[in-house]
Structures are given as C-alpha cells and as structure tokens.
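Visitor: The following file, structure14.pdb, comprises PDB, C-alpha atoms:
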ATOM      1  CA  MET A   1       8.599 -11.901  11.755  1.00  0.00           C
ATOM      2  CA  ALA A   2       6.761 -10.339  14.662  1.00  0.00           C
ATOM      3  CA  GLY A   3       4.451  -7.472  13.738  1.00  0.00           C
ATOM      4  CA  LEU A   4       5.011  -3.758  13.948  1.00  0.00           C
ATOM      5  CA  VAL A   5       5.043  -1.845  17.214  1.00  0.00           C
ATOM      6  CA  PRO A   6       1.505  -0.800  18.172  1.00  0.00           C
ATOM      7  CA  ASN A   7       0.848   2.889  18.670  1.00  0.00           C
ATOM      8  CA  HIS A   8      -0.922   2.763  22.026  1.00  0.00           C
ATOM      9  CA  PHE A   9       0.104   1.644  25.512  1.00  0.00           C
ATOM     10  CA  ASP A  10      -1.171   2.423  28.999  1.00  0.00           C
ATOM     11  CA  SER A  11       1.931   4.480  29.793  1.00  0.00           C
ATOM     12  CA  VAL A  12       5.016   5.830  28.083  1.00  0.00           C
ATOM     13  CA  VAL A  13       8.091   7.104  29.908  1.00  0.00           C
ATOM     14  CA  ARG A  14      11.391   8.692  29.028  1.00  0.00           C
ATOM     15  CA  ILE A  15      14.341   7.016  30.723  1.00  0.00           C
ATOM     16  CA  GLY A  16      17.457   9.158  30.790  1.00  0.00           C
ATOM     17  CA  ALA A  17      20.716   7.702  29.557  1.00  0.00           C
ATOM     18  CA  PRO A  18      23.594   7.454  32.033  1.00  0.00           C
ATOM     19  CA  ASP A  19      25.318  10.783  32.547  1.00  0.00           C
ATOM     20  CA  PRO A  20      28.950  10.839  31.452  1.00  0.00           C
ATOM     21  CA  GLU A  21      31.268  10.846  34.434  1.00  0.00           C
ATOM     22  CA  PRO A  22      34.440  12.967  34.601  1.00  0.00           C
ATOM     23  CA  GLU A  23      37.481  11.076  33.380  1.00  0.00           C
ATOM     24  CA  GLU A  24      35.231   8.252  32.136  1.00  0.00           C
ATOM     25  CA  GLY A  25      36.224   6.399  28.992  1.00  0.00           C
ATOM     26  CA  SER A  26      33.584   5.738  26.330  1.00  0.00           C
ATOM     27  CA  ASP A  27      33.806   1.971  26.984  1.00  0.00           C
ATOM     28  CA  ASN A  28      32.607   2.498  30.571  1.00  0.00           C
ATOM     29  CA  TRP A  29      29.719   4.681  29.392  1.00  0.00           C
ATOM     30  CA  TRP A  30      28.638   2.066  26.821  1.00  0.00           C
ATOM     31  CA  LEU A  31      28.773  -0.614  29.535  1.00  0.00           C
ATOM     32  CA  ARG A  32      26.442   1.450  31.744  1.00  0.00           C
ATOM     33  CA  TYR A  33      24.134   2.077  28.769  1.00  0.00           C
ATOM     34  CA  GLN A  34      24.082  -1.666  28.058  1.00  0.00           C
ATOM     35  CA  THR A  35      23.257  -2.321  31.714  1.00  0.00           C
ATOM     36  CA  LEU A  36      20.303   0.065  31.432  1.00  0.00           C
ATOM     37  CA  PHE A  37      18.889  -1.974  28.515  1.00  0.00           C
ATOM     38  CA  GLU A  38      19.573  -5.173  30.461  1.00  0.00           C
ATOM     39  CA  ARG A  39      17.624  -3.916  33.514  1.00  0.00           C
ATOM     40  CA  ILE A  40      14.640  -2.834  31.402  1.00  0.00           C
ATOM     41  CA  VAL A  41      14.567  -6.146  29.546  1.00  0.00           C
ATOM     42  CA  ALA A  42      14.840  -8.137  32.801  1.00  0.00           C
ATOM     43  CA  ILE A  43      11.674  -6.410  34.034  1.00  0.00           C
ATOM     44  CA  GLY A  44      10.061  -6.671  30.606  1.00  0.00           C
ATOM     45  CA  GLU A  45      10.526 -10.451  30.576  1.00  0.00           C
ATOM     46  CA  ARG A  46       7.960 -10.636  33.378  1.00  0.00           C
ATOM     47  CA  HIS A  47       5.480  -8.652  31.271  1.00  0.00           C
ATOM     48  CA  THR A  48       5.469 -10.679  28.055  1.00  0.00           C
ATOM     49  CA  ALA A  49       4.391 -14.186  27.092  1.00  0.00           C
ATOM     50  CA  THR A  50       7.132 -14.309  24.431  1.00  0.00           C
ATOM     51  CA  PRO A  51      10.532 -13.703  26.058  1.00  0.00           C
ATOM     52  CA  GLU A  52      12.064 -16.084  23.522  1.00  0.00           C
ATOM     53  CA  GLN A  53      10.894 -13.911  20.614  1.00  0.00           C
ATOM     54  CA  ALA A  54      11.826 -10.265  20.178  1.00  0.00           C
ATOM     55  CA  CYS A  55      12.462  -7.826  17.360  1.00  0.00           C
ATOM     56  CA  PHE A  56      15.473  -5.525  17.236  1.00  0.00           C
ATOM     57  CA  ALA A  57      15.438  -2.665  14.724  1.00  0.00           C
ATOM     58  CA  ILE A  58      18.718  -0.952  13.853  1.00  0.00           C
ATOM     59  CA  TRP A  59      18.730   2.225  11.779  1.00  0.00           C
ATOM     60  CA  GLU A  60      20.300   1.637   8.369  1.00  0.00           C
ATOM     61  CA  GLY A  61      21.764   5.144   8.472  1.00  0.00           C
ATOM     62  CA  HIS A  62      24.526   4.069  10.851  1.00  0.00           C
ATOM     63  CA  GLY A  63      26.477   3.517   7.627  1.00  0.00           C
ATOM     64  CA  PHE A  64      27.475  -0.140   7.894  1.00  0.00           C
ATOM     65  CA  GLY A  65      27.827  -0.591   4.134  1.00  0.00           C
ATOM     66  CA  HIS A  66      29.473   2.734   3.295  1.00  0.00           C
ATOM     67  CA  ASP A  67      33.173   2.922   2.533  1.00  0.00           C
ATOM     68  CA  SER A  68      35.200   4.736   5.166  1.00  0.00           C
ATOM     69  CA  THR A  69      37.261   7.827   4.491  1.00  0.00           C
ATOM     70  CA  ILE A  70      40.792   6.916   5.533  1.00  0.00           C
ATOM     71  CA  ARG A  71      43.401   9.682   5.629  1.00  0.00           C
ATOM     72  CA  HIS A  72      46.581  10.510   7.436  1.00  0.00           C
ATOM     73  CA  ALA A  73      48.238  13.752   8.445  1.00  0.00           C
ATOM     74  CA  TYR A  74      51.705  14.779   9.525  1.00  0.00           C
ATOM     75  CA  ARG A  75      52.680  17.015  12.428  1.00  0.00           C
ATOM     76  CA  GLU A  76      56.156  17.579  10.984  1.00  0.00           C
ATOM     77  CA  PRO A  77      57.651  17.492   7.479  1.00  0.00           C
ATOM     78  CA  VAL A  78      58.477  13.973   6.246  1.00  0.00           C
ATOM     79  CA  SER A  79      60.812  12.728   3.577  1.00  0.00           C
ATOM     80  CA  PRO A  80      59.486  11.951   0.083  1.00  0.00           C
ATOM     81  CA  GLU A  81      60.329   8.277   0.687  1.00  0.00           C
ATOM     82  CA  GLN A  82      58.269   8.188   3.892  1.00  0.00           C
ATOM     83  CA  ARG A  83      55.377   9.965   2.174  1.00  0.00           C
ATOM     84  CA  ARG A  84      55.375   7.412  -0.706  1.00  0.00           C
ATOM     85  CA  ALA A  85      55.486   4.494   1.751  1.00  0.00           C
ATOM     86  CA  ASP A  86      52.596   5.976   3.709  1.00  0.00           C
ATOM     87  CA  GLU A  87      50.575   6.551   0.533  1.00  0.00           C
ATOM     88  CA  LEU A  88      51.044   2.912  -0.496  1.00  0.00           C
ATOM     89  CA  ARG A  89      49.932   1.779   2.955  1.00  0.00           C
ATOM     90  CA  LEU A  90      46.912   4.112   2.752  1.00  0.00           C
ATOM     91  CA  VAL A  91      45.897   2.692  -0.646  1.00  0.00           C
ATOM     92  CA  ALA A  92      46.113  -0.841   0.784  1.00  0.00           C
ATOM     93  CA  LEU A  93      43.970   0.127   3.789  1.00  0.00           C
ATOM     94  CA  GLN A  94      41.369   1.791   1.540  1.00  0.00           C
ATOM     95  CA  ASP A  95      41.218  -1.313  -0.686  1.00  0.00           C
ATOM     96  CA  GLU A  96      40.807  -3.568   2.360  1.00  0.00           C
ATOM     97  CA  ASP A  97      38.035  -1.295   3.665  1.00  0.00           C
ATOM     98  CA  ARG A  98      36.170  -1.383   0.321  1.00  0.00           C
ATOM     99  CA  LYS A  99      36.303  -5.195   0.236  1.00  0.00           C
ATOM    100  CA  ARG A 100      35.091  -5.491   3.827  1.00  0.00           C
ATOM    101  CA  LYS A 101      32.235  -3.039   3.258  1.00  0.00           C
ATOM    102  CA  ALA A 102      31.228  -4.854   0.056  1.00  0.00           C
ATOM    103  CA  GLN A 103      30.885  -8.077   2.058  1.00  0.00           C
ATOM    104  CA  ILE A 104      28.850  -6.264   4.709  1.00  0.00           C
ATOM    105  CA  ARG A 105      26.507  -4.951   1.975  1.00  0.00           C
ATOM    106  CA  VAL A 106      25.997  -8.514   0.703  1.00  0.00           C
ATOM    107  CA  GLU A 107      25.015  -9.669   4.201  1.00  0.00           C
ATOM    108  CA  LEU A 108      22.788  -6.642   4.833  1.00  0.00           C
ATOM    109  CA  ALA A 109      20.838  -7.395   1.644  1.00  0.00           C
ATOM    110  CA  ASN A 110      19.594 -10.596   3.341  1.00  0.00           C
ATOM    111  CA  ILE A 111      18.108  -8.760   6.342  1.00  0.00           C
ATOM    112  CA  PRO A 112      14.472  -7.536   6.261  1.00  0.00           C
ATOM    113  CA  VAL A 113      14.003  -3.763   6.350  1.00  0.00           C
ATOM    114  CA  LEU A 114      11.338  -1.985   8.398  1.00  0.00           C
ATOM    115  CA  ASP A 115      10.331   1.329   6.793  1.00  0.00           C
ATOM    116  CA  HIS A 116       9.056   4.160   8.971  1.00  0.00           C
ATOM    117  CA  PRO A 117       8.695   7.837   8.103  1.00  0.00           C
ATOM    118  CA  ASN A 118      12.184   9.394   7.897  1.00  0.00           C
ATOM    119  CA  ARG A 119      13.885   6.173   8.998  1.00  0.00           C
ATOM    120  CA  ALA A 120      14.445   2.652   7.722  1.00  0.00           C
ATOM    121  CA  TYR A 121      15.698  -0.112  10.007  1.00  0.00           C
ATOM    122  CA  TYR A 122      17.326  -3.509   9.637  1.00  0.00           C
ATOM    123  CA  LEU A 123      15.034  -5.895  11.484  1.00  0.00           C
ATOM    124  CA  LEU A 124      16.547  -8.763  13.485  1.00  0.00           C
ATOM    125  CA  GLU A 125      14.911 -11.406  15.662  1.00  0.00           C
ATOM    126  CA  GLY A 126      16.110 -13.212  18.756  1.00  0.00           C
ATOM    127  CA  ARG A 127      15.433 -13.743  22.433  1.00  0.00           C
ATOM    128  CA  LEU A 128      14.820 -10.637  24.529  1.00  0.00           C
ATOM    129  CA  ASP A 129      18.028 -11.187  26.471  1.00  0.00           C
ATOM    130  CA  ALA A 130      19.976 -11.173  23.183  1.00  0.00           C
ATOM    131  CA  VAL A 131      19.882  -7.364  23.424  1.00  0.00           C
ATOM    132  CA  THR A 132      23.129  -7.495  25.408  1.00  0.00           C
ATOM    133  CA  ALA A 133      24.825  -9.517  22.651  1.00  0.00           C
ATOM    134  CA  LEU A 134      24.155  -7.104  19.765  1.00  0.00           C
ATOM    135  CA  ARG A 135      27.198  -6.052  17.752  1.00  0.00           C
ATOM    136  CA  TYR A 136      27.241  -3.671  14.818  1.00  0.00           C
ATOM    137  CA  PRO A 137      29.417  -4.786  11.870  1.00  0.00           C
ATOM    138  CA  ASP A 138      31.921  -1.976  12.418  1.00  0.00           C
ATOM    139  CA  THR A 139      32.314  -2.265  16.191  1.00  0.00           C
ATOM    140  CA  ASP A 140      33.900  -4.765  18.536  1.00  0.00           C
ATOM    141  CA  GLY A 141      31.762  -3.842  21.515  1.00  0.00           C
ATOM    142  CA  TRP A 142      28.031  -3.869  22.228  1.00  0.00           C
ATOM    143  CA  ARG A 143      25.743  -1.385  20.519  1.00  0.00           C
ATOM    144  CA  ASN A 144      22.099  -0.725  21.255  1.00  0.00           C
ATOM    145  CA  PRO A 145      19.100  -1.311  19.016  1.00  0.00           C
ATOM    146  CA  ASP A 146      17.184   1.791  17.989  1.00  0.00           C
ATOM    147  CA  LEU A 147      13.842   0.013  18.551  1.00  0.00           C
ATOM    148  CA  MET A 148      12.946  -3.253  20.228  1.00  0.00           C
ATOM    149  CA  TRP A 149       9.848  -5.092  21.418  1.00  0.00           C
ATOM    150  CA  PRO A 150       8.797  -8.626  22.416  1.00  0.00           C
ATOM    151  CA  GLY A 151       6.936 -10.792  19.920  1.00  0.00           C
ATOM    152  CA  ASP A 152       3.567 -10.221  21.583  1.00  0.00           C
ATOM    153  CA  ARG A 153       4.126  -6.429  21.436  1.00  0.00           C
ATOM    154  CA  THR A 154       3.224  -5.868  25.083  1.00  0.00           C
ATOM    155  CA  TRP A 155       5.908  -3.179  25.488  1.00  0.00           C
ATOM    156  CA  PHE A 156       8.626  -1.394  23.512  1.00  0.00           C
ATOM    157  CA  ILE A 157      11.914   0.491  23.823  1.00  0.00           C
ATOM    158  CA  ALA A 158      12.768   3.265  21.360  1.00  0.00           C
ATOM    159  CA  THR A 159      15.705   5.616  20.913  1.00  0.00           C
ATOM    160  CA  ASP A 160      17.311   7.394  17.980  1.00  0.00           C
ATOM    161  CA  VAL A 161      20.625   8.546  16.606  1.00  0.00           C
ATOM    162  CA  ASP A 162      19.694  12.119  17.623  1.00  0.00           C
ATOM    163  CA  PHE A 163      19.285  11.371  21.324  1.00  0.00           C
ATOM    164  CA  TRP A 164      20.343   8.863  23.999  1.00  0.00           C
ATOM    165  CA  SER A 165      17.306   8.647  26.262  1.00  0.00           C
ATOM    166  CA  LEU A 166      15.018   5.645  25.935  1.00  0.00           C
ATOM    167  CA  TYR A 167      11.285   5.917  25.402  1.00  0.00           C
ATOM    168  CA  VAL A 168       9.542   2.895  26.892  1.00  0.00           C
ATOM    169  CA  GLY A 169       5.860   2.060  26.611  1.00  0.00           C
ATOM    170  CA  GLY A 170       3.817  -0.695  28.156  1.00  0.00           C
ATOM    171  CA  SER A 171       1.259  -1.570  30.800  1.00  0.00           C
ATOM    172  CA  GLU A 172       0.913   0.501  33.942  1.00  0.00           C
ATOM    173  CA  ARG A 173       2.338  -2.411  36.000  1.00  0.00           C
ATOM    174  CA  PHE A 174       5.391  -2.674  33.742  1.00  0.00           C
ATOM    175  CA  ILE A 175       6.045   1.070  33.856  1.00  0.00           C
ATOM    176  CA  ALA A 176       5.530   1.136  37.639  1.00  0.00           C
ATOM    177  CA  GLU A 177       8.179  -1.567  38.059  1.00  0.00           C
ATOM    178  CA  LEU A 178      10.563   0.411  35.853  1.00  0.00           C
ATOM    179  CA  ALA A 179       9.952   3.553  37.916  1.00  0.00           C
ATOM    180  CA  GLN A 180      10.672   1.604  41.104  1.00  0.00           C
ATOM    181  CA  ASP A 181      13.884   0.105  39.698  1.00  0.00           C
ATOM    182  CA  LEU A 182      15.102   3.312  38.016  1.00  0.00           C
ATOM    183  CA  PRO A 183      13.457   6.059  40.140  1.00  0.00           C
ATOM    184  CA  ASN A 184      15.808   8.895  39.199  1.00  0.00           C
ATOM    185  CA  ASN A 185      15.677   8.273  35.463  1.00  0.00           C
ATOM    186  CA  VAL A 186      11.982   7.749  34.681  1.00  0.00           C
ATOM    187  CA  GLU A 187       9.791  10.634  33.486  1.00  0.00           C
ATOM    188  CA  SER A 188       6.210  10.265  32.220  1.00  0.00           C
ATOM    189  CA  VAL A 189       5.560  11.537  28.706  1.00  0.00           C
ATOM    190  CA  SER A 190       2.560  11.743  26.423  1.00  0.00           C
ATOM    191  CA  TRP A 191       2.286  10.888  22.736  1.00  0.00           C
ATOM    192  CA  THR A 192       2.166  14.599  21.889  1.00  0.00           C
ATOM    193  CA  ASP A 193       5.337  15.627  23.771  1.00  0.00           C
ATOM    194  CA  ALA A 194       8.237  16.792  21.607  1.00  0.00           C
ATOM    195  CA  LEU A 195      11.287  14.537  21.625  1.00  0.00           C
ATOM    196  CA  VAL A 196      14.243  15.880  23.561  1.00  0.00           C
ATOM    197  CA  VAL A 197      17.260  16.225  21.261  1.00  0.00           C
ATOM    198  CA  GLU A 198      20.440  15.415  23.176  1.00  0.00           C
ATOM    199  CA  ASP A 199      24.086  15.854  22.293  1.00  0.00           C
TER     200      ASP A 199
END
Output the structure of this file as structure tokens.

Guide:
Amino acid sequence: MAGLVPNHFDSVVRIGAPDPEPEEGSDNWWLRYQTLFERIVAIGERHTATPEQACFAIWEGHGFGHDSTIRHAYREPVSPEQRRADELRLVALQDEDRKRKAQIRVELANIPVLDHPNRAYYLLEGRLDAVTALRYPDTDGWRNPDLMWPGDRTWFIATDVDFWSLYVGGSERFIAELAQDLPNNVESVSWTDALVVED
C-alpha cells in the first residue's frame, strides 16, 4: 500500500466544484464533477512516475454498511387491505436491505482503513485513471474519492463530505498547469486557511 499523503507541497489550491445550473438534474452535475477529477488526473499523470499506482480514500461515514430506513406514506386514506399488503411489502424490502448491507459489511471488513483525526477512510488502490470508474456500494453512478494521490505522493486531491471544492497540492509546475486548464476555478490557499464549508 502506498504511504500516507505528505504534509508539504510547493503549492496548494482550492478548485471550485461545478456550479449547479438551473433545471439541471443531479446526474448532469455528477458528470461535470467527474469530468473535473478526470481533467486534474490527466494533468497529474504528467507529474508522477507512478500513474499505474494510486490510492483512493473513501470516508467510512458515507454509511455503506448501515441498514436503510425504509418507510412509506399515504396522501389519501387507504383500505385496511391495502395497508396490510403495503406493510408486508415494506417488511420484505427491509429484510432484503438488511441482507444486502450485511454482505457489504463483510466485503468492507477486507479493505484497509486509513485513520485520520475525525475521519477514517477505506483505502483502495488502482491506476490513477481508475478515479472515473469508482462506484460506491449503494450507487449505480460514479462517486468521487474523498482523498487521492499517486503512489509516489507527488501531488494530492482532497475533499470532504462537508464541502464540494477540491484542495489540490503539488509542485509549482503541476499547479500552474491546473491554473491554466481551469483558470476560473483555481484559488491559491495556504496551510493555515480555514476550509470553506459549502452546502
């Protein structure tokens, strides 16, 4: 397993997430967010000797192994027969969910965990370009890693469940290329700047 992210780089920048567009569905926003990761990684591949080895850290708090709360509600009164049929269907769905989550917990137990203050992450390895193929157990579509870096630790990408922007660190050349490719989204930050909490 590649080592932990180092705590010093030449430059660190905050790259804003795509702004939601009016009338835009969430699938389109996630596709643009995925494209942002893809563009950063494409530049990052030129600034690492290990593009075939990367670490992807995914916060364990996303709740992959927790049972879901499944309920239903009615807009209008329903017959007792319909209510009983719906309750039986709800019990079956809850049982299916528990079984599925139990299997997910078994699989998660085989994945190394990276502990950081206030957060623990499932740690996966793959090629850098595998970032666009990540899937969380409970989703059909792509989802981002919370942290990622190449095996030689020449740069990193970090985000968090409490915000959408990406914090990217690396060499001055790497950051300059990012700023040229994403000029409207890149803002220099220092290690002492407070993180921007976003909704």

Visitor: Edge lengths and centre in Å to one decimal, as JSON, is what I'm after for the box along x, y and z that holds all listed atoms of range 103-120 of chain A once 4 Å is added on each side.

Guide:
{"center_x": 19.8, "center_y": -0.6, "center_z": 4.9, "size_x": 30.2, "size_y": 28.0, "size_z": 16.3}

Visitor: Pick the closest to Arg32 in chain A from A:Arg143, A:Asp97, A:Phe9, A:Thr48: which is it, counting only C-alpha atoms?

Guide: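 Among A:Arg143, A:Asp97, A:Phe9, A:Thr48, it is A:Arg143 that comes nearest to Arg32 in chain A.
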
Visitor: Please identify all polymer residues within 8 Å of Val131 in chain A, counting only C-alpha atoms, omitting same-chain residues fewer than 3 positions from it, and present them as a compact mmCIF listing (two decimals) with C-alpha atoms, keeping the file's coordinate frame.

Guide:
# COMPACT_ATOMS: atom_id res chain seq x y z
CA PHE A 37 18.89 -1.97 28.52
CA GLU A 38 19.57 -5.17 30.46
CA PHE A 56 15.47 -5.52 17.24
CA ARG A 127 15.43 -13.74 22.43
CA LEU A 128 14.82 -10.64 24.53
CA LEU A 134 24.16 -7.10 19.76
CA ASN A 144 22.10 -0.72 21.26
CA PRO A 145 19.10 -1.31 19.02

Visitor: At a cut-off of 9 Å from (22.4, 13.9, 27.0) in the coordinates of the file, what residues are picked up using all atoms listed in the file, written as an mmCIF file with C-alpha atoms, in the coordinates of the input?

Guide:
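Wrote it out as part03.cif, contents follow:
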data_model
loop_
_atom_site.group_PDB
_atom_site.id
_atom_site.type_symbol
_atom_site.label_atom_id
_atom_site.label_comp_id
_atom_site.auth_asym_id
_atom_site.auth_seq_id
_atom_site.Cartn_x
_atom_site.Cartn_y
_atom_site.Cartn_z
ATOM 1 C CA GLY A 16 17.457 9.158 30.790
ATOM 2 C CA ALA A 17 20.716 7.702 29.557
ATOM 3 C CA PRO A 18 23.594 7.454 32.033
ATOM 4 C CA ASP A 19 25.318 10.783 32.547
ATOM 5 C CA PRO A 20 28.950 10.839 31.452
ATOM 6 C CA PHE A 163 19.285 11.371 21.324
ATOM 7 C CA TRP A 164 20.343 8.863 23.999
ATOM 8 C CA SER A 165 17.306 8.647 26.262
ATOM 9 C CA VAL A 197 17.260 16.225 21.261
ATOM 10 C CA GLU A 198 20.440 15.415 23.176
ATOM 11 C CA ASP A 199 24.086 15.854 22.293
#

Visitor: Using only C-alpha atoms, which of the listed residues (A:Glu81, A:Asp86, A:Glu187, A:Glu107) sits closest to Val13 in chain A?

Guide: A:Glu187

Visitor: Closest to Arg105 in chain A among A:Pro137, A:Gly169, A:Pro150, A:Pro51, using all atoms listed in the file?

Guide: A:Pro137

Visitor: Do you know which residues the PyMOL selection byres ((chain A and resi 146) around 12) returns on this file, as a PyMOL selection string?

Guide: chain A and resi 37+55-62+114+119-124+131+134+136+143-145+147-149+156-168

Visitor: Taking the file as shown, find all residues satisfying the PyMOL selection byres ((chain A and resi 188) around 8) and write them as a list in words.

Guide: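 Matching residues under the PyMOL selection byres ((chain A and resi 188) around 8) are Ser11, Val12, Val13, Arg14, Val186, Glu187, Val189 and Ser190 of chain A.
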
Visitor: Record the distance separating CA of Glu172 in chain A and CA of Asp152 in chain A, expressed in Å with one decimal.

Guide: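 Taking CA of Glu172 in chain A and CA of Asp152 in chain A, their separation equals 16.6 Å.
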
Visitor: Which value, in Å to one decimal, gives the distance between CA of Tyr33 in chain A and CA of Ala109 in chain A?

Guide: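 These atoms are spaced 28.9 Å apart.
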
Visitor: So how many Å separate CA of Glu177 in chain A and CA of Thr132 in chain A, to one decimal?

Guide: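 Calculated distance between CA of Glu177 in chain A and CA of Thr132 in chain A is 20.5 Å.
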
Visitor: Hey, which of A:Phe64, A:Ile15, A:Pro77, A:Thr35 ends up closest to Arg98 in chain A? Count only C-alpha atoms.

Guide: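 Counting only C-alpha atoms, the residue closest to Arg98 in chain A is A:Phe64.
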